[in-house]
Structure formats: structure tokens, C-alpha cells
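Participant: To be precise about what I am sending: the file is called protein.txt and holds compact mmCIF, C-alpha atoms.
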# COMPACT_ATOMS: atom_id res chain seq x y z
CA MET A 1081 15.72 110.61 39.41
CA GLY A 1082 18.88 110.58 41.50
CA LYS A 1083 21.12 107.66 42.38
CA SER A 1084 22.69 106.48 45.61
CA PHE A 1085 26.20 107.88 45.74
CA ASN A 1086 29.29 105.67 45.78
CA SER A 1087 26.99 102.63 45.94
CA ARG A 1088 25.94 103.48 49.50
CA GLY A 1089 22.37 103.77 50.71
CA ALA A 1090 22.95 106.56 53.20
CA ARG A 1091 24.31 109.78 51.78
CA LYS A 1092 25.60 111.19 55.04
CA TYR A 1093 26.49 110.67 58.66
CA THR A 1094 23.68 111.13 61.15
CA GLU A 1095 23.70 112.39 64.71
CA ASN A 1096 24.38 110.01 67.55
CA PRO A 1097 22.52 111.15 70.68
CA TYR A 1098 24.68 108.90 72.88
CA HIS A 1099 28.08 110.10 71.73
CA ARG A 1100 29.64 113.28 70.36
CA LEU A 1101 31.12 112.24 67.04
CA SER A 1102 34.37 113.76 65.85
CA ASP A 1103 34.16 117.15 64.17
CA SER A 1104 36.47 115.81 61.46
CA ARG A 1105 33.61 113.75 60.04
CA ILE A 1106 32.39 115.77 57.08
CA ASN A 1107 29.31 114.88 55.05
CA ASP A 1108 30.68 114.81 51.53
CA PRO A 1109 28.54 112.95 48.96
CA ASP A 1110 31.50 112.74 46.58
CA LYS A 1111 33.86 111.10 49.06
CA LYS A 1112 34.16 107.33 48.66
CA ARG A 1113 33.80 105.35 51.86
CA SER A 1114 35.55 101.97 52.00
CA THR A 1115 34.19 99.11 54.09
CA ILE A 1116 35.97 98.32 57.34
CA PHE A 1117 35.63 94.88 58.94
CA ARG A 1118 36.22 94.56 62.66
CA GLU A 1119 36.60 91.07 64.07
CA VAL A 1120 35.18 90.73 67.58
CA GLU A 1121 34.50 87.94 70.04
CA ALA A 1122 30.92 88.20 71.22
CA LYS A 1123 29.96 87.44 74.82
CA SER A 1124 26.64 85.90 73.81
CA ILE A 1125 25.03 85.09 70.48
CA VAL A 1126 21.50 83.69 70.97
CA ASN A 1127 19.04 86.50 71.67
CA LYS A 1128 15.60 86.01 73.14
CA VAL A 1129 12.95 87.91 71.18
CA GLU A 1130 10.27 89.59 73.27
CA SER A 1131 8.20 91.24 70.52
CA PRO A 1132 4.71 89.65 70.36
CA ASP A 1133 4.30 90.31 66.63
CA LEU A 1134 7.43 88.44 65.50
CA PRO A 1135 7.08 84.74 64.58
CA PHE A 1136 10.17 83.51 66.46
CA TYR A 1137 11.52 83.43 70.01
CA TYR A 1138 15.27 83.38 69.43
CA SER A 1139 17.53 85.10 66.92
CA MET A 1140 21.19 85.22 65.96
CA ASN A 1141 23.11 87.91 64.11
CA PRO A 1142 26.60 86.87 62.92
CA TYR A 1143 27.31 90.44 61.81
CA GLN A 1144 26.52 93.86 63.21
CA GLY A 1145 26.10 96.57 60.61
CA CYS A 1146 25.19 95.66 57.05
CA GLU A 1147 26.93 96.49 53.80
CA HIS A 1148 23.74 96.11 51.77
CA GLY A 1149 22.96 99.71 52.71
CA CYS A 1150 19.17 99.41 52.62
CA THR A 1151 17.88 102.94 53.12
CA TYR A 1152 14.90 101.79 55.21
CA CYS A 1153 16.77 99.41 57.53
CA TYR A 1154 15.38 99.26 61.07
CA ALA A 1155 18.67 97.93 62.46
CA ARG A 1156 20.65 101.12 61.81
CA LYS A 1157 20.12 102.30 65.37
CA THR A 1158 22.18 99.39 66.74
CA HIS A 1159 25.37 101.12 65.58
CA LEU A 1160 24.67 104.06 67.88
CA TYR A 1161 25.58 101.91 70.88
CA LEU A 1162 29.01 101.27 69.36
CA ASP A 1163 29.85 105.00 69.12
CA HIS A 1164 28.98 105.07 65.42
CA ASP A 1165 26.18 106.66 63.45
CA ALA A 1166 23.11 105.16 61.81
CA GLY A 1167 24.03 106.46 58.36
CA LEU A 1168 27.31 105.74 56.61
CA ASP A 1169 28.92 104.04 59.60
CA PHE A 1170 26.21 101.39 59.76
CA GLU A 1171 26.88 100.18 56.23
CA SER A 1172 30.66 100.68 56.11
CA ILE A 1173 31.86 99.52 59.56
CA ILE A 1174 30.91 95.86 59.90
CA TYR A 1175 31.48 93.89 63.09
CA VAL A 1176 32.20 90.20 62.52
CA LYS A 1177 31.36 87.88 65.42
CA THR A 1178 34.09 85.36 64.75
CA ASN A 1179 33.18 83.09 67.67
CA ALA A 1180 29.45 82.88 66.90
CA ALA A 1181 29.45 79.17 66.05
CA GLU A 1182 31.43 78.28 69.19
CA LEU A 1183 29.00 80.25 71.37
CA LEU A 1184 26.03 78.56 69.72
CA GLU A 1185 27.47 75.10 70.32
CA LYS A 1186 28.13 76.01 73.94
CA LYS A 1187 24.51 77.18 74.26
CA ILE A 1188 23.14 73.98 72.78
CA ARG A 1189 25.32 71.85 75.05
CA SER A 1190 24.46 73.86 78.16
CA GLY A 1191 21.66 71.54 79.22
CA ASN A 1192 18.93 74.20 79.39
CA TRP A 1193 18.40 74.49 75.64
CA GLU A 1194 15.41 72.68 74.12
CA GLY A 1195 16.02 72.87 70.40
CA ASP A 1196 13.92 75.96 69.69
CA VAL A 1197 13.93 77.48 66.21
CA ILE A 1198 16.64 80.12 65.79
CA ALA A 1199 16.09 82.97 63.34
CA LEU A 1200 19.19 84.04 61.44
CA SER A 1201 19.21 87.70 60.37
CA GLY A 1202 16.92 89.15 62.99
CA ASN A 1203 18.67 92.47 62.41
CA THR A 1204 21.28 92.32 59.64
CA ASP A 1205 21.57 89.95 56.69
CA CYS A 1206 23.58 86.84 57.56
CA TYR A 1207 24.54 86.53 53.87
CA GLN A 1208 25.77 90.09 53.37
CA PRO A 1209 29.12 90.45 51.53
CA ALA A 1210 31.15 89.81 54.71
CA GLU A 1211 29.94 86.20 54.69
CA ILE A 1212 31.91 85.47 51.52
CA LYS A 1213 35.12 86.30 53.37
CA TYR A 1214 34.36 85.06 56.88
CA GLY A 1215 31.81 82.25 56.49
CA VAL A 1216 30.39 82.72 59.99
CA THR A 1217 26.87 81.80 58.88
CA ARG A 1218 28.08 78.56 57.32
CA LYS A 1219 29.77 77.57 60.58
CA ILE A 1220 26.53 78.28 62.45
CA LEU A 1221 24.59 76.07 60.05
CA GLU A 1222 27.13 73.29 60.52
CA VAL A 1223 26.51 73.42 64.28
CA CYS A 1224 22.74 73.39 63.79
CA LEU A 1225 22.96 70.41 61.44
CA LYS A 1226 25.24 68.58 63.87
CA TYR A 1227 22.76 68.93 66.73
CA GLY A 1228 19.55 68.89 64.70
CA ASN A 1229 18.54 72.40 65.71
CA PRO A 1230 15.98 74.08 63.38
CA VAL A 1231 16.82 77.39 61.71
CA SER A 1232 14.80 80.09 59.96
CA ILE A 1233 16.81 82.29 57.58
CA VAL A 1234 15.89 85.73 56.24
CA THR A 1235 18.06 87.02 53.41
CA LYS A 1236 18.09 88.93 50.15
CA SER A 1237 21.45 87.61 49.01
CA GLY A 1238 22.20 85.24 46.17
CA SER A 1239 25.32 84.06 48.02
CA ILE A 1240 23.16 81.72 50.09
CA THR A 1241 23.62 79.19 47.27
CA ARG A 1242 27.18 78.66 48.55
CA ASP A 1243 25.61 76.68 51.39
CA ILE A 1244 23.16 74.56 49.39
CA ASP A 1245 25.04 71.40 50.42
CA ILE A 1246 24.30 72.05 54.11
CA LEU A 1247 20.82 73.47 53.51
CA LYS A 1248 19.77 70.38 51.53
CA LYS A 1249 20.79 68.09 54.39
CA MET A 1250 18.89 70.27 56.86
CA ALA A 1251 15.85 70.43 54.57
CA GLU A 1252 15.70 66.64 54.38
CA LYS A 1253 15.27 66.62 58.15
CA GLY A 1254 12.80 69.53 58.28
CA LEU A 1255 15.35 71.80 59.96
CA VAL A 1256 15.40 74.87 57.73
CA LYS A 1257 13.18 77.40 56.05
CA VAL A 1258 14.42 80.34 53.96
CA HIS A 1259 12.52 83.61 53.79
CA PHE A 1260 13.71 85.45 50.70
CA SER A 1261 13.17 89.20 50.65
CA ILE A 1262 11.77 90.33 47.28
CA HIS A 1263 9.66 93.49 47.33
CA THR A 1264 9.84 94.78 43.77
CA LEU A 1265 10.44 93.66 40.19
CA ASN A 1266 12.02 97.01 39.36
CA ASP A 1267 15.76 96.54 39.69
CA GLU A 1268 16.44 100.25 39.26
CA LEU A 1269 14.39 100.91 42.37
CA ARG A 1270 16.22 98.09 44.17
CA ARG A 1271 19.61 99.47 43.10
CA ASN A 1272 18.79 102.89 44.50
CA MET A 1273 17.17 101.57 47.67
CA GLU A 1274 19.52 98.63 48.40
CA PRO A 1275 22.72 99.51 46.53
CA ARG A 1276 24.90 96.55 47.60
CA ALA A 1277 22.23 93.86 47.82
CA SER A 1278 21.69 91.19 45.15
CA SER A 1279 19.78 92.21 42.05
CA ILE A 1280 16.14 91.24 41.67
CA PRO A 1281 16.85 88.82 38.79
CA LEU A 1282 19.47 87.08 40.94
CA ARG A 1283 17.13 86.87 43.91
CA LEU A 1284 14.39 85.29 41.80
CA LYS A 1285 16.87 82.86 40.29
CA THR A 1286 18.21 81.99 43.74
CA ALA A 1287 14.75 81.43 45.22
CA GLU A 1288 13.93 79.08 42.35
CA LYS A 1289 17.26 77.27 42.71
CA LEU A 1290 16.73 76.64 46.42
CA SER A 1291 13.18 75.43 45.81
CA THR A 1292 14.25 72.96 43.12
CA GLU A 1293 16.81 71.57 45.58
CA GLY A 1294 14.03 70.74 48.01
CA ILE A 1295 14.62 73.64 50.40
CA ARG A 1296 11.51 75.37 51.72
CA VAL A 1297 11.45 78.93 50.36
CA GLU A 1298 8.91 81.54 51.34
CA ALA A 1299 9.04 85.13 50.17
CA LEU A 1300 8.79 88.21 52.31
CA ILE A 1301 7.48 91.15 50.31
CA ALA A 1302 9.06 93.77 52.53
CA PRO A 1303 9.09 96.55 52.96
CA VAL A 1304 5.92 97.58 51.18
CA ILE A 1305 6.34 101.35 50.82
CA PRO A 1306 3.10 103.26 50.20
CA GLY A 1307 3.41 105.37 47.08
CA LEU A 1308 6.60 103.65 45.92
CA ASN A 1309 6.24 99.89 45.45
CA ASP A 1310 2.82 98.99 46.89
CA TYR A 1311 1.26 98.84 43.42
CA GLU A 1312 3.54 95.86 42.58
CA LEU A 1313 2.04 93.40 45.06
CA MET A 1314 0.06 91.40 42.50
CA ALA A 1315 2.89 91.28 39.95
CA VAL A 1316 5.47 90.27 42.56
CA ALA A 1317 3.21 87.51 43.88
CA LYS A 1318 2.69 86.12 40.37
CA GLU A 1319 6.43 86.07 39.63
CA LEU A 1320 7.20 84.41 42.97
CA LYS A 1321 4.70 81.67 42.22
CA ASN A 1322 6.35 81.13 38.85
CA ARG A 1323 9.66 80.73 40.69
CA ARG A 1324 8.27 77.89 42.83
CA VAL A 1325 8.16 79.87 46.06
CA ALA A 1326 5.98 78.02 48.60
CA ASP A 1327 4.26 80.95 50.33
CA ILE A 1328 4.36 84.74 50.72
CA ASN A 1329 3.91 87.34 53.41
CA TYR A 1330 4.42 91.09 53.60
CA MET A 1331 5.45 93.87 55.94
CA LEU A 1332 4.64 97.55 55.70
CA LEU A 1333 7.51 99.99 56.04
CA ARG A 1334 8.01 101.27 59.56
CA LEU A 1335 10.83 103.66 60.41
CA ASP A 1336 12.31 104.55 63.77
CA GLU A 1337 13.61 107.99 64.62
CA PHE A 1338 17.17 107.10 63.65
CA GLY A 1339 16.36 105.51 60.30
CA TYR A 1340 13.93 108.25 59.31
CA ASP A 1341 16.71 110.77 58.66
CA VAL A 1342 18.45 108.40 56.25
CA PHE A 1343 15.26 107.44 54.43
CA GLU A 1344 13.97 111.01 54.08
CA ASP A 1345 17.31 112.19 52.72
CA TRP A 1346 17.33 109.28 50.27
CA LEU A 1347 13.83 110.14 49.04
CA GLU A 1348 14.84 113.78 48.57
CA HIS A 1349 17.81 112.74 46.46
CA CYS A 1350 16.42 109.82 44.46
CA TYR A 1351 12.66 110.43 44.29
CA PRO A 1352 12.01 114.11 45.11
CA ASP A 1353 8.76 114.10 43.16
CA ARG A 1354 7.36 111.32 45.35
CA LYS A 1355 8.83 112.34 48.69
CA ASN A 1356 5.82 114.15 50.15
CA LYS A 1357 3.37 111.53 48.91
CA VAL A 1358 5.36 108.65 50.39
CA LEU A 1359 5.89 110.33 53.76
CA ASN A 1360 2.27 111.44 54.01
CA LEU A 1361 1.02 107.94 53.24
CA LEU A 1362 3.41 106.51 55.81
CA ARG A 1363 1.97 108.85 58.41
CA SER A 1364 -1.54 107.78 57.46
CA VAL A 1365 -0.78 104.11 58.16
CA HIS A 1366 1.14 104.71 61.41
CA ASN A 1367 -1.21 106.93 63.40
CA GLY A 1368 0.19 110.16 62.00
CA SER A 1369 3.87 109.34 62.49
CA THR A 1370 6.49 107.84 60.19
CA THR A 1371 8.52 106.75 63.20
CA SER A 1372 5.97 104.57 64.97
CA THR A 1373 7.43 102.10 67.45
CA ALA A 1374 4.14 100.48 68.42
CA ARG A 1375 4.46 96.71 68.30
CA ASN A 1376 0.91 95.67 67.59
CA GLY A 1377 0.12 96.36 63.97
CA ARG A 1378 3.56 97.63 63.07
CA LYS A 1379 3.91 95.04 60.32
CA SER A 1380 0.63 95.87 58.60
CA GLY A 1381 -0.15 99.36 59.91
CA LYS A 1382 -3.55 100.85 60.69
CA GLY A 1383 -6.05 103.02 58.91
CA THR A 1384 -7.77 103.16 55.51
CA TYR A 1385 -4.68 102.95 53.32
CA SER A 1386 -3.10 100.12 55.29
CA GLU A 1387 -6.39 98.23 54.96
CA HIS A 1388 -6.26 98.80 51.20
CA ILE A 1389 -2.75 97.32 51.03
CA LYS A 1390 -3.81 94.38 53.18
CA GLN A 1391 -6.75 93.63 50.87
CA VAL A 1392 -4.56 93.83 47.76
CA PHE A 1393 -2.04 91.47 49.37
CA HIS A 1394 -4.72 88.95 50.30
CA LEU A 1395 -6.13 89.12 46.78
CA ALA A 1396 -2.65 88.46 45.39
CA LYS A 1397 -2.13 85.58 47.79
CA ASN A 1398 -5.53 84.03 47.11
CA THR A 1399 -4.93 84.34 43.38
CA HIS A 1400 -1.45 82.82 43.25
CA PHE A 1401 -1.01 80.97 46.56
CA ASN A 1402 -4.45 79.55 47.27
CA ASN A 1403 -3.22 76.04 48.07
CA VAL A 1404 -0.26 76.53 50.38
CA ILE A 1405 1.12 73.41 52.05
CA PRO A 1406 1.86 74.28 55.70
CA PHE A 1407 5.41 73.88 56.96
CA GLU A 1408 6.42 72.74 60.42
CA PHE A 1409 9.95 72.57 61.77
CA GLN A 1410 10.95 69.14 63.03
CA ARG A 1411 12.40 69.21 66.53
CA ASN A 1412 12.46 65.46 66.99
CA GLU A 1413 15.85 65.40 65.25
CA TYR A 1414 17.23 67.58 68.05
CA TYR A 1415 15.85 65.34 70.77
CA LYS A 1416 17.00 62.19 69.03
CA LYS A 1417 20.57 63.46 68.75
CA ASN A 1418 20.88 65.14 72.13
CA THR A 1419 18.70 63.47 74.77
CA SER A 1420 21.35 60.93 75.70
CA GLN A 1421 24.45 62.80 74.57
CA LEU A 1422 23.87 66.09 76.39
CA SER A 1423 22.62 64.49 79.58
CA LEU A 1424 26.25 63.67 80.34
CA PHE A 1425 27.17 67.37 80.67
Can you turn what I pasted into C-alpha cells?
Facilitator:
Amino acid sequence: MGKSFNSRGARKYTENPYHRLSDSRINDPDKKRSTIFREVEAKSIVNKVESPDLPFYYSMNPYQGCEHGCTYCYARKTHLYLDHDAGLDFESIIYVKTNAAELLEKKIRSGNWEGDVIALSGNTDCYQPAEIKYGVTRKILEVCLKYGNPVSIVTKSGSITRDIDILKKMAEKGLVKVHFSIHTLNDELRRNMEPRASSIPLRLKTAEKLSTEGIRVEALIAPVIPGLNDYELMAVAKELKNRRVADINYMLLRLDEFGYDVFEDWLEHCYPDRKNKVLNLLRSVHNGSTTSTARNGRKSGKGTYSEHIKQVFHLAKNTHFNNVIPFEFQRNEYYKKNTSQLSLF
């Protein structure tokens, strides 16, 4: 079994079809690549989500690019539009939207905002290592607490505990839910697949810590990769229940054409004996292609094997989460705080 080199997920640069990258960029697995942070002022920050199979209408991404280096990441293609590549550039050149909180407050005070739930980390993790230095996510949460705007957070980082003070206040008002990404109990697999993300023991500890503080925590078992971690569904569900997680869901791995190159190369290096099996199973659940972009069914796939995974997941959920208490965001806090105040603007 191989290992990710220099603690990066991608082992190389990939082609950018929109820009001719410099010929001086040489793919050298032994060359260490330092992280570069670029501070930028965004023009807008709240994005409307059009996909019918996603459970939210608006998202925010404080950072573009992600140092976690997840080999399967669907957001890698966003770096292509910045004249970078979807491989090493994506996880080593991180754009920091320093004015994100100011833009959010301006949006909320604009008069046409109605306190809809905002999803943090629609593309890249809002608690990736850059957050420790810049604290953009914390500033966003402060704005949301100030105006009573509900927030859904997706993360795999233990550093979210730095904001427990704010999250507890939001939780008391029904303003926040945290989706923690935990897809394996095998930390060696995690280390190879997500080299700079929090360890599995830390994620489990963090999920339990948040739950004991009264913060709603649900787990996202994602991605489920056929032939690699799909057999763990029952064990992961049991452990999550033991850690006081309130509910679980899952997503099947789906690659786009730009992420496929990174993932295939990673499989060849780290799990060459499983490469063909994994890729063939992926094709079987995505209509013969590993790079399916179809929206309907992209989270759970189609076909016999995807149905098998779905049944195993439902068995795991029914076994360990058969009495889930539903959660609803409270928007009355937003209206109470802003109906009179914002009408003046």
C-alpha cells in the first residue's frame, strides 16, 4: 500500500482546459509543495443553489481551494477558473475571502433577504486549516447570531470546537445544525485519502463534544466508495450512535471529469490492487461512467450495487437510529430581530 506524498492528496498537477499552464510546472512526487494563502475581497458571498437534490437553497464558502486534500473532492474544478489546476494547486493555493462577513451582513440588511438557511461549506470546508489563522467562519457565525439567521455547517475538522461558545448560543435558539463527515473508522485509509483533514478519532471525539454541549450533530457518511469503504456502513453507524450523533445520512462517491484524474492516480499509488474493482463498481452505479454529472440520483447512484448499498445503509440506520427526533431550524428569531430594525433601511 502506498501513501500520499508530502501529505498532499493529489500527486501531480492536472491539465487545465481553460488555460495553458506554465511549462516550468513539473510533476515531481518528491518535491514538497508549501501552502500559499491569497487574501481576496469577494464581490458576493451568498450563492443560490439550483440543484434539486441538495437540501439547501443558499450556500457560503469562506475559502476557495481546500488544504485537506481529499482525493475525491468534487470542488477541485473550481480552481480551473482561477488559472490553476485541479490537482496540487487546489490544495496548496487557498483563496481567503476576507470580507465574507461584511458581505453577509450587507445581504441580510438589504431588505430582500428573508432569513433562509445558509449552508456553510457547500464546496470547501469552512474549518480547514486556514480558519485557524483567518477566522472568517467565526465572523460569519457572529453575523448570523446577531441577526438570528439559521446556518447549516458541513465539516470534517476538529477545529470547529474553537467556536463552541457561538454555536451553543445559536443552538439554544434553533439556529444551527452541524453535519460531521465521518465515512470510515480506518484512520490509515483516512490519512491516505484526506491527508490534512482531522483524524477519525478526533472527529468522533468532536462530534460527541458538540452533542454534549447541546448542538445538533448529524453525520454524513460520505463519500461511500464501492469496494473501498462501503463494507463499513454498519460499524460506522454503530460508533456514531455511541458518540451521541442525532442522525445519519450517506452519499455515494461521484467524480467529475476533473477530479477523476486525481482519484485514479491516487488509487494507482495507494491501492493498486483495488483500483480496477473500485472503478468498475463506480461505473456500475453511475450508468457506466465514473464521471456522471446527472443530478437526480447522483447522491445514491443507480443500479444493482447502488441498491445494495442503499439497503445496507437503511438497515444500519434502522438498527442504530430508529427513533430520530426531527430537527427544524427556527426562523422566528430572524423575524423577531429584523422586522422592525431592517424596515428602516
Participant: Show me the residues close to (25.2, 102.8, 51.1) - anything with an atom within 8 Å, counting all atoms listed in the file - and format the list as a tab-separated table (two decimals) with C-alpha atoms, in the frame of the given file.
Facilitator:
chain	number	residue	atom	x	y	z
A	1084	SER	CA	22.69	106.48	45.61
A	1085	PHE	CA	26.20	107.88	45.74
A	1086	ASN	CA	29.29	105.67	45.78
A	1087	SER	CA	26.99	102.63	45.94
A	1088	ARG	CA	25.94	103.48	49.50
A	1089	GLY	CA	22.37	103.77	50.71
A	1090	ALA	CA	22.95	106.56	53.20
A	1091	ARG	CA	24.31	109.78	51.78
A	1147	GLU	CA	26.93	96.49	53.80
A	1148	HIS	CA	23.74	96.11	51.77
A	1149	GLY	CA	22.96	99.71	52.71
A	1150	CYS	CA	19.17	99.41	52.62
A	1151	THR	CA	17.88	102.94	53.12
A	1168	LEU	CA	27.31	105.74	56.61
A	1171	GLU	CA	26.88	100.18	56.23
A	1172	SER	CA	30.66	100.68	56.11
A	1274	GLU	CA	19.52	98.63	48.40
A	1275	PRO	CA	22.72	99.51	46.53
A	1276	ARG	CA	24.90	96.55	47.60
Participant: So which residues touch Gly1294 of chain A within 7 Å, counting all atoms listed in the file, skipping near sequence neighbours fewer than 3 positions away, as a VMD selection string?
Facilitator: chain A and resid 1248 1251 1290 to 1291
Participant: Calculated over only C-alpha atoms, which of the candidates A:Ala1181, A:Val1256, A:Ala1315, A:Leu1361 has the smallest distance to Ile1295 of chain A?
Facilitator: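 For Ile1295 of chain A, the nearest of the given residues is A:Val1256.
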Participant: Could you list, as a PyMOL selection string, every residue within 7 Å of segment 1193-1199 of chain A, counting all atoms listed in the file and ignoring same-chain residues fewer than 6 positions away?
Facilitator: chain A and resi 1136+1138-1140+1187+1229-1233+1411+1414
Participant: Rounded to one decimal place, report the atom CA of Gly1368 of chain A-atom CA of Ala1302 of chain A distance in Å.
Facilitator: 20.9 Å
Participant: Applying 9 Å and all atoms listed in the file, which residues near Gln1208 of chain A remain after dropping the ones on its own chain fewer than 6 positions away? List them as a PyMOL selection string.
Facilitator: chain A and resi 1143+1146-1148+1235-1237+1239+1276-1277
Participant: Which residues are near segment 1157-1160 of chain A? Cut-off 6 Å, all atoms listed in the file, ignore same chain within fewer than 5 positions. Put them as JSON, numbers by chain.
Facilitator: {"A": [1096, 1165, 1166, 1170, 1338]}
Participant: At a cut-off of 9 Å, using only C-alpha atoms, what residues contact Glu1185 of chain A? Leave out same-chain residues fewer than 2 positions from it and give the result as a ChimeraX atom specification.
Facilitator: /A:1180-1183,1187-1190,1220,1223-1224,1227
Participant: Closest to Tyr1154 of chain A among A:Lys1177, A:Asn1309, A:Gln1410, A:Gly1202, using all atoms listed in the file?
Facilitator: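 Result for the nearest residue to Tyr1154 of chain A: A:Gly1202.
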Participant: Taking into account all atoms listed in the file, which residue in the set A:Asn1141, A:Thr1399, A:Leu1300, A:Arg1324 is nearest to Lys1128 of chain A?
Facilitator: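 Counting all atoms listed in the file, the residue closest to Lys1128 of chain A is A:Asn1141.
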Participant: Using all atoms listed in the file for the distances, tell me which of A:Asp1310, A:Glu1319, A:Glu1095, A:Glu1119 is nearest to Phe1393 of chain A.
Facilitator: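 When distances to Phe1393 of chain A are compared using all atoms listed in the file, the smallest one comes from A:Asp1310.
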Participant: Find the distance between atom CA of Tyr1330 of chain A and atom CA of Val1358 of chain A and write it in Å to one decimal.
Facilitator: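 Distance between the two atoms: 17.9 Å.
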Participant: Please indicate the distance in Å from atom CA of Thr1370 of chain A to atom CA of Asp1169 of chain A, rounded to one decimal place.
Facilitator: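 Those two atoms sit 22.8 Å apart.
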Participant: Using only C-alpha atoms, pick whichever of A:Pro1209, A:Gly1238, A:Gly1145, A:Gly1215 has the shortest atom-to-atom distance to Pro1281 of chain A.
Facilitator: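 Of the candidates, the smallest distance to Pro1281 of chain A is held by A:Gly1238.
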Participant: Quick one: of A:Lys1321, A:Arg1270, A:His1349, A:Arg1242, who's nearest to Val1404 of chain A, counting only C-alpha atoms?
Facilitator: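 Of A:Lys1321, A:Arg1270, A:His1349, A:Arg1242, the one nearest Val1404 of chain A, counting only C-alpha atoms, is A:Lys1321.
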Participant: Where's the centre, and what are the edge lengths in Å to one decimal, of a box along x, y and z enclosing all listed atoms of segment 1257-1275 of chain A padded 5 Å per side, as JSON?
Facilitator:
{"center_x": 16.2, "center_y": 90.1, "center_z": 47.7, "size_x": 23.1, "size_y": 35.5, "size_z": 26.8}
